[in-house]
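Visitor: Questions regarding the structure given below will be posed in turn.
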Amino acid sequence: MTSLSGFLDWLRRIFRRGDKDRSSAGEASPADIARRLVEMIRQTQPEEFTCEEVFALLDQFADALERGDDVSALMPMVRGHLEICADCKEEFEALLRMLQGRAANPQRS
Ligand SMILES: [Zn+2]
């Protein structure tokens with residue numbers, strides 16, 4: 001199975017591109033690559049969430065709200081996407097209405 005080394009080669013090509021200062025430094029070590037991957041993930045902005053990811057988060061968000069958990073940690077991740085995506089915003093508002101309706105009528109199911 002060579003998929004991991006192929007993946008590492010692919011990453012090396014990507015990271016070497018435009019990296020002129022270090023062109024003489026040889027290949028990036030796996031540790032370098034891991035460090036850069038972490039950096040890339042850290043730089044990912046909330047608005048880069050896909051609708052699929054936001055939908056999954058909305059489920060967690062609803063569960064947390066129902067349990068009465070603090071949702072402030074989840075919220076920034078979802079909010080960035082909701083600001084630019086009308087579809088997910090609609091879905092989120094429908095979810096909130098549903099939760100509020102359930103809270104207002106706890107006997108009904
Ligand atoms: Zn969306």
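Chain identifiers are assigned as A, B, and so on, following the order in which chains appear in the structure tokens; residues are numbered from 1 within each chain, and ligands are numbered from 1 in order of appearance.
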Enumerate residues in contact with ligand 1: an atom-to-atom distance of at most 9 Å, counting only C-alpha atoms and all ligand atoms. Format the result as JSON, numbers by chain.
Guide: {"A": [49, 50, 51, 52, 53, 54, 55, 81, 82, 84, 85, 86, 87, 88, 89, 91]}
Visitor: Print the selection's residues with C-alpha atoms to a file, as a compact mmCIF listing (two decimals), in the first residue's frame.
Guide:
```
# COMPACT_ATOMS: atom_id res chain seq x y z
CA PHE A 49 -17.58 25.57 6.16
CA THR A 50 -19.60 23.68 3.61
CA CYS A 51 -23.38 23.45 3.90
CA GLU A 52 -22.99 19.78 4.77
CA GLU A 53 -20.72 20.59 7.70
CA VAL A 54 -23.03 23.33 8.91
CA PHE A 55 -26.04 21.02 8.71
CA HIS A 81 -21.58 30.44 7.41
CA LEU A 82 -25.13 31.53 8.23
CA ILE A 84 -23.28 34.18 3.82
CA CYS A 85 -25.61 31.24 3.16
CA ALA A 86 -29.36 31.89 2.97
CA ASP A 87 -30.18 28.18 2.70
CA CYS A 88 -28.49 27.25 5.95
CA LYS A 89 -29.84 30.36 7.67
CA GLU A 91 -32.69 25.81 7.97
```
Visitor: Fewer than 5 positions away in the same chain doesn't count, so skip those; otherwise give me all residues within 12 Å of Ala31 in chain A, counting only C-alpha atoms, as JSON, numbers by chain.
Guide: {"A": [8, 12, 36, 37, 38]}
Visitor: Please write the residues from the selection above to a file, keeping C-alpha atoms, as a tab-separated table (two decimals), in the first residue's frame.
Guide:
```tsv
chain	number	residue	atom	x	y	z
A	8	LEU	CA	3.23	12.90	1.18
A	12	ARG	CA	5.63	18.13	-0.86
A	36	ARG	CA	2.10	23.17	7.82
A	37	LEU	CA	-1.10	21.14	7.70
A	38	VAL	CA	-1.92	22.22	11.24
```
Visitor: Which residues, written as a list in words, have at least one atom at most 12 Å from Ala73 in chain A, with only C-alpha atoms counted and residues fewer than 5 positions away on the same chain left out?
Guide: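 Neighbouring residues, sequence-local ones excluded: Leu57, Gln60, Phe61, Ala64, Val78 and Arg79 of chain A.
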Visitor: If you count only C-alpha atoms, which residues fall within 12 Å of range 100-104 of chain A, apart from same-chain ones fewer than 6 positions away, as a compact mmCIF listing (two decimals) with N, CA and C atoms, in the first residue's frame?
Guide:
```txt
# COMPACT_ATOMS: atom_id res chain seq x y z
N ALA A 62 -28.70 21.95 18.00
CA ALA A 62 -30.06 21.72 18.49
C ALA A 62 -30.06 20.81 19.72
N LEU A 65 -28.78 22.78 22.66
CA LEU A 65 -29.80 23.71 23.13
C LEU A 65 -30.86 22.98 23.95
N GLU A 66 -31.26 21.81 23.47
CA GLU A 66 -32.30 21.05 24.16
C GLU A 66 -31.84 20.58 25.53
N ARG A 67 -30.53 20.25 25.60
CA ARG A 67 -29.99 19.81 26.89
C ARG A 67 -29.73 20.99 27.81
N GLY A 68 -29.80 22.22 27.25
CA GLY A 68 -29.52 23.41 28.04
C GLY A 68 -28.03 23.67 28.17
N GLU A 93 -33.12 28.81 11.20
CA GLU A 93 -34.28 29.51 11.77
C GLU A 93 -35.47 28.57 11.93
N ALA A 94 -35.62 27.66 10.97
CA ALA A 94 -36.69 26.67 11.08
C ALA A 94 -36.46 25.77 12.29
```
Visitor: What is the CA of Ala28 in chain A-CA of Asp9 in chain A distance in Å, reported with one decimal?
Guide: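 Interatomic distance, CA of Ala28 in chain A to CA of Asp9 in chain A: 9.6 Å.
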